[in-house]
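Asker: The following file, structure04.cif, comprises mmCIF, C-alpha atoms:
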data_query
loop_
_atom_site.label_atom_id
_atom_site.label_comp_id
_atom_site.auth_asym_id
_atom_site.auth_seq_id
_atom_site.Cartn_x
_atom_site.Cartn_y
_atom_site.Cartn_z
CA GLY A 277 -9.04 -3.23 10.22
CA GLN A 278 -7.33 -6.14 8.51
CA GLN A 279 -9.01 -9.44 9.12
CA VAL A 280 -5.92 -11.43 8.23
CA MET A 281 -2.28 -10.74 8.92
CA GLN A 282 0.18 -11.63 6.18
CA ILE A 283 3.94 -12.10 6.44
CA PRO A 284 6.50 -11.32 5.28
CA GLN A 285 5.79 -7.94 3.75
CA TYR A 286 8.63 -8.29 1.28
CA GLN A 287 10.69 -11.20 0.01
CA HIS A 288 13.59 -11.05 -2.40
CA VAL A 289 14.90 -14.34 -3.75
CA GLN A 290 17.35 -15.61 -6.28
CA GLU A 291 15.73 -17.33 -9.23
CA GLY A 292 15.40 -21.01 -8.42
CA GLU A 293 14.97 -20.50 -4.69
CA ASP A 294 11.73 -21.32 -2.91
CA PHE A 295 9.31 -18.75 -1.50
CA THR A 296 6.60 -18.93 1.14
CA THR A 297 4.06 -16.40 2.38
CA TYR A 298 1.81 -16.88 5.39
CA CYS A 299 -1.63 -15.66 6.40
CA ASN A 300 -2.94 -15.73 9.96
CA SER A 301 -6.36 -14.91 11.33
CA SER A 302 -7.50 -14.53 14.93
CA THR A 303 -10.86 -15.99 13.98
CA THR A 304 -11.88 -19.11 12.13
CA LEU A 305 -12.30 -18.53 8.44
CA SER A 306 -15.01 -20.10 6.31
CA ASN A 307 -12.57 -20.14 3.44
CA ILE A 308 -9.44 -18.40 2.27
CA GLN A 309 -8.58 -17.09 -1.16
CA TRP A 310 -5.26 -16.23 -2.74
CA TYR A 311 -4.64 -13.59 -5.40
CA LYS A 312 -1.63 -12.41 -7.38
CA GLN A 313 -1.08 -8.85 -8.53
CA ARG A 314 1.61 -8.26 -11.11
CA PRO A 315 3.41 -4.89 -10.98
CA GLY A 316 1.11 -2.26 -12.44
CA GLY A 317 -1.75 -4.73 -12.70
CA HIS A 318 -4.81 -5.76 -10.78
CA PRO A 319 -5.28 -8.74 -8.44
CA VAL A 320 -6.12 -12.00 -10.13
CA PHE A 321 -7.70 -14.93 -8.33
CA LEU A 322 -5.47 -17.96 -7.87
CA ILE A 323 -7.34 -20.39 -5.65
CA GLN A 324 -9.84 -20.88 -2.84
CA LEU A 325 -9.40 -23.27 0.08
CA VAL A 326 -12.42 -24.36 2.07
CA LYS A 327 -11.71 -27.54 4.03
CA SER A 328 -9.66 -27.87 7.19
CA GLY A 329 -6.15 -29.09 6.35
CA GLU A 330 -6.75 -28.73 2.63
CA VAL A 331 -3.76 -28.73 0.31
CA LYS A 332 -3.96 -27.74 -3.33
CA LYS A 333 -1.29 -27.51 -5.98
CA GLN A 334 -0.99 -25.51 -9.14
CA LYS A 335 2.22 -26.50 -10.92
CA ARG A 336 4.97 -25.02 -8.70
CA LEU A 337 2.50 -23.39 -6.28
CA THR A 338 1.28 -25.22 -3.18
CA PHE A 339 -1.53 -23.80 -1.05
CA GLN A 340 -2.38 -25.01 2.44
CA PHE A 341 -5.24 -24.27 4.82
CA GLY A 342 -4.59 -24.94 8.49
CA GLU A 343 -6.39 -27.53 10.54
CA ALA A 344 -8.04 -24.86 12.65
CA LYS A 345 -8.89 -22.82 9.54
CA LYS A 346 -7.08 -19.82 10.99
CA ASN A 347 -3.96 -19.84 8.87
CA SER A 348 -2.84 -20.52 5.36
CA SER A 349 0.31 -20.56 3.30
CA LEU A 350 1.40 -20.27 -0.29
CA HIS A 351 4.66 -21.95 -1.26
CA ILE A 352 6.38 -21.51 -4.60
CA THR A 353 9.02 -24.05 -5.55
CA ALA A 354 11.97 -22.93 -7.67
CA THR A 355 10.85 -19.39 -8.31
CA GLN A 356 11.00 -17.89 -11.78
CA THR A 357 11.04 -14.27 -12.88
CA THR A 358 7.41 -14.68 -13.94
CA ASP A 359 6.49 -15.18 -10.28
CA VAL A 360 7.27 -11.54 -9.52
CA GLY A 361 4.35 -9.68 -7.97
CA THR A 362 2.39 -9.23 -4.79
CA TYR A 363 0.52 -12.19 -3.33
CA PHE A 364 -2.56 -11.47 -1.27
CA CYS A 365 -4.72 -13.67 0.88
CA ALA A 366 -8.35 -12.81 1.53
CA GLY A 367 -10.59 -14.09 4.27
CA PRO A 368 -14.21 -13.49 3.35
CA ARG A 369 -16.42 -12.79 6.31
CA ASN A 370 -20.14 -12.23 6.34
CA ASN A 371 -20.86 -9.91 3.47
CA ASP A 372 -17.48 -8.35 2.83
CA MET A 373 -14.06 -9.38 1.63
CA ARG A 374 -10.92 -8.06 3.31
CA PHE A 375 -7.41 -8.70 2.16
CA GLY A 376 -4.12 -9.21 3.92
CA ALA A 377 -1.44 -6.58 3.36
CA GLY A 378 0.24 -8.78 0.76
CA THR A 379 3.74 -10.13 0.26
CA ARG A 380 5.75 -8.51 -2.48
CA LEU A 381 8.02 -11.00 -4.19
CA THR A 382 10.98 -9.94 -6.28
CA VAL A 383 13.14 -12.46 -8.12
CA LYS A 384 16.72 -11.87 -9.16
CA PRO A 385 17.61 -13.68 -12.38
CA ASP B 103 -16.82 -10.39 -23.33
CA GLY B 104 -17.83 -10.74 -19.70
CA GLY B 105 -15.92 -8.72 -17.20
CA ILE B 106 -15.64 -5.72 -14.98
CA THR B 107 -14.68 -2.36 -16.40
CA GLN B 108 -13.30 0.66 -14.67
CA SER B 109 -12.90 4.00 -16.29
CA PRO B 110 -10.91 6.05 -16.78
CA LYS B 111 -7.56 4.34 -16.26
CA TYR B 112 -5.87 7.61 -15.25
CA LEU B 113 -7.60 10.62 -13.74
CA PHE B 114 -6.28 13.99 -12.69
CA ARG B 115 -8.23 16.42 -10.56
CA LYS B 116 -7.61 19.63 -8.76
CA GLU B 117 -7.70 19.66 -5.01
CA GLY B 118 -11.14 20.44 -3.65
CA GLN B 119 -13.07 18.90 -6.55
CA ASN B 120 -15.29 15.87 -6.26
CA VAL B 121 -14.59 13.10 -8.76
CA THR B 122 -16.57 9.98 -9.65
CA LEU B 123 -14.94 6.72 -10.68
CA SER B 124 -16.93 4.35 -12.83
CA CYS B 125 -17.27 0.60 -12.29
CA GLU B 126 -19.45 -1.58 -14.51
CA GLN B 127 -19.78 -5.36 -14.61
CA ASN B 128 -21.70 -7.66 -16.95
CA LEU B 129 -21.08 -10.82 -14.92
CA ASN B 130 -24.49 -10.64 -13.25
CA HIS B 131 -22.76 -10.50 -9.89
CA ASP B 132 -24.65 -9.40 -6.81
CA ALA B 133 -21.67 -8.22 -4.78
CA MET B 134 -19.42 -5.30 -5.66
CA TYR B 135 -16.52 -3.77 -3.78
CA TRP B 136 -14.28 -0.72 -3.85
CA TYR B 137 -10.70 -0.84 -2.61
CA ARG B 138 -7.95 1.71 -2.29
CA GLN B 139 -4.32 0.77 -2.82
CA ASP B 140 -1.42 3.06 -1.99
CA PRO B 141 2.09 2.47 -3.36
CA GLY B 142 3.55 -0.69 -1.90
CA GLN B 143 0.47 -1.21 0.24
CA GLY B 144 -2.33 -3.72 0.47
CA LEU B 145 -5.99 -3.38 -0.44
CA ARG B 146 -8.16 -1.41 1.93
CA LEU B 147 -11.92 -1.77 1.70
CA ILE B 148 -13.82 1.47 1.12
CA TYR B 149 -17.41 0.38 0.46
CA TYR B 150 -19.19 -2.77 -0.56
CA SER B 151 -22.63 -3.71 -1.77
CA GLN B 152 -24.34 -7.07 -1.74
CA ILE B 153 -27.55 -6.03 -3.43
CA VAL B 154 -29.05 -3.19 -5.42
CA ASN B 155 -29.93 -0.09 -3.39
CA ASP B 156 -27.91 -1.29 -0.41
CA PHE B 157 -24.27 -0.75 0.53
CA GLN B 158 -22.08 -0.75 3.64
CA LYS B 159 -19.02 1.15 4.77
CA GLY B 160 -15.70 -0.59 4.77
CA ASP B 161 -12.64 0.33 6.81
CA ILE B 162 -11.86 3.70 5.17
CA ALA B 163 -15.21 5.10 4.00
CA GLU B 164 -14.66 8.66 5.24
CA GLY B 165 -14.49 11.10 2.34
CA TYR B 166 -16.07 8.66 -0.12
CA SER B 167 -19.61 7.95 -1.27
CA VAL B 168 -21.19 5.28 -3.45
CA SER B 169 -24.50 4.34 -5.03
CA ARG B 170 -25.93 1.06 -6.28
CA GLU B 171 -28.95 1.97 -8.36
CA LYS B 172 -28.30 -0.82 -10.87
CA LYS B 173 -26.92 -4.30 -10.37
CA GLU B 174 -24.19 -3.78 -12.94
CA SER B 175 -22.96 -0.39 -11.74
CA PHE B 176 -21.24 0.74 -8.53
CA PRO B 177 -19.72 4.23 -8.96
CA LEU B 178 -17.44 5.70 -6.32
CA THR B 179 -17.28 9.43 -5.62
CA VAL B 180 -14.14 10.79 -4.04
CA THR B 181 -15.24 13.94 -2.28
CA SER B 182 -13.27 17.01 -1.31
CA ALA B 183 -13.49 15.76 2.28
CA GLN B 184 -11.04 12.96 1.49
CA LYS B 185 -7.77 14.37 2.79
CA ASN B 186 -5.38 12.28 0.73
CA PRO B 187 -7.24 11.05 -2.36
CA THR B 188 -4.27 10.29 -4.61
CA ALA B 189 -4.21 6.50 -4.93
CA PHE B 190 -4.97 3.49 -7.09
CA TYR B 191 -8.65 2.52 -6.87
CA LEU B 192 -9.81 -1.00 -7.60
CA CYS B 193 -13.35 -2.20 -8.10
CA ALA B 194 -14.27 -5.87 -7.76
CA SER B 195 -17.33 -8.06 -8.02
CA SER B 196 -18.28 -11.54 -6.92
CA SER B 197 -21.33 -13.73 -7.24
CA GLY B 198 -21.76 -14.56 -3.58
CA ARG B 199 -21.51 -13.21 -0.09
CA GLY B 200 -17.73 -13.27 0.04
CA ALA B 201 -17.65 -17.00 -0.55
CA THR B 202 -16.61 -16.94 -4.17
CA GLU B 203 -13.75 -15.49 -6.13
CA ALA B 204 -13.61 -11.79 -6.80
CA PHE B 205 -13.01 -10.37 -10.25
CA PHE B 206 -11.17 -7.07 -10.38
CA GLY B 207 -11.27 -4.23 -12.84
CA GLN B 208 -8.10 -2.74 -14.29
CA GLY B 209 -8.15 0.03 -11.71
CA THR B 210 -8.19 3.82 -11.85
CA ARG B 211 -5.13 5.77 -10.84
CA LEU B 212 -6.32 9.06 -9.38
CA THR B 213 -3.93 11.97 -8.95
CA VAL B 214 -5.08 15.09 -7.17
CA VAL B 215 -2.94 18.16 -7.68
#
Could you render the structure from this file as structure tokens?
Answerer:
Amino acid sequence: GQQVMQIPQYQHVQEGEDFTTYCNSSTTLSNIQWYKQRPGGHPVFLIQLVKSGEVKKQKRLTFQFGEAKKNSSLHITATQTTDVGTYFCAGPRNNDMRFGAGTRLTVKP
Amino acid sequence: DGGITQSPKYLFRKEGQNVTLSCEQNLNHDAMYWYRQDPGQGLRLIYYSQIVNDFQKGDIAEGYSVSREKKESFPLTVTSAQKNPTAFYLCASSSGRGATEAFFGQGTRLTVV
């Protein structure tokens, strides 16, 4: 089954509002990765977090890895219509890579 | 150009027929993965392979088969035993044992009628 649980499943925001999606694992993760899939497209890698408590930023996107390495979040500041898509987290384990269910973000202009 | 290629982009098959989806990568990656995505759903792992001539079942392997005879190729066969095969299939590759980013192909949308 799913290694990581992701919430919310859907999020609809007004353009300019902030957005956050969360990933939670029952086990400690060696690292966590985030991907974005545009409608009709394929997932594209955004970032990987490895260290406990790590925070990384990409322009308006802020990624955090929890102190216990069991949870992570992606925060988008002042969403734009180009942010539309589904955001997935992935918690690699041993030899495989399993993804969370994703959070679908829609943005109303 | 380096990348991962899936073909065809759209595929139609009659119920009861086996169909093979192609996945080729020229990234020299050891690991390759197959995922299934249903409308509005996440990615579910079908099969994965970390090395040539070796592969493991994922969470939904029933009704599917794979082979890894070459490092660059990881074809997926959707057999007639798969009860609900209509879906979007994504192939991915990565250089390490799940510790590095995955590169995805464009996907194959399979419709069984």
Asker: Using all atoms listed in the file, find which residues of chain B lie within 12 Å of chain A and jot them down as an MDAnalysis selection string.
Answerer: chainID B and resid 106:108 111 132:153 156:162 190:211
Asker: Between atom CA of B:Asn128 and atom CA of B:Lys173, what is the spacing in Å?
Answerer: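 These two atoms are separated by 9.0 Å.
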Asker: Translate the PyMOL selection byres ((chain B and resi 174) around 8) into a concrete residue list for this structure, as a list of chain:residue names.
Answerer: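 Selected by the PyMOL selection byres ((chain B and resi 174) around 8) here: B:Glu126, B:Gln127, B:Asn128, B:Leu129, B:Asn130, B:His131, B:Lys172, B:Lys173, B:Ser175, B:Phe176.
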Asker: One number please: atom CA of A:Ile283 to atom CA of B:Pro187, in Å, one decimal.
Answerer: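 So the two atoms, atom CA of A:Ile283 and atom CA of B:Pro187, lie 27.2 Å apart.
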Asker: List every protein, DNA or RNA residue that has at least one atom no more than 10 Å from (5.0, -5.6, -15.3) in the file's coordinates, counting all atoms listed in the file, and write the result as a list of chain:residue names.
Answerer: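 Checked against the point, the hits come out as A:Gln313, A:Arg314, A:Pro315, A:Gly316, A:Gly317, A:Thr358, A:Val360, A:Gly361.
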Asker: Would you write out, as a PyMOL selection string, every residue that the PyMOL selection byres ((chain A and resi 337) around 12) captures in this file?
Answerer: chain A and resi 294-297+310+312+322-323+331-336+338-340+349-356+359+363
Asker: Taking all atoms listed in the file into account, name the residue in B:Val121, B:Val154, B:Ala163, B:Val214 that is nearest to B:Asn186.
Answerer: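 So, comparing all the options, the nearest one is B:Val214.
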Asker: For atom CA of B:Thr179 and atom CA of B:Leu123, quote the distance in Å rounded to one decimal.
Answerer: 6.2 Å
Asker: Near B:Val180, within 10 Å and counting all atoms listed in the file, which residues show up once chain neighbours fewer than 6 positions away are dropped, as a list in words?
Answerer: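 Counting all atoms listed in the file, the residues come to Gln119, Asn120, Val121, Thr122, Leu123, Ala163, Glu164, Gly165, Tyr166, Ser167, Val168, Pro187, Thr188 and Leu212 of chain B.
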Asker: Name the residues that the PyMOL selection byres ((chain A and resi 301) around 9) pulls out of this structure, and write them as a PyMOL selection string.
Answerer: chain A and resi 279-282+299-300+302-305+345-348+367
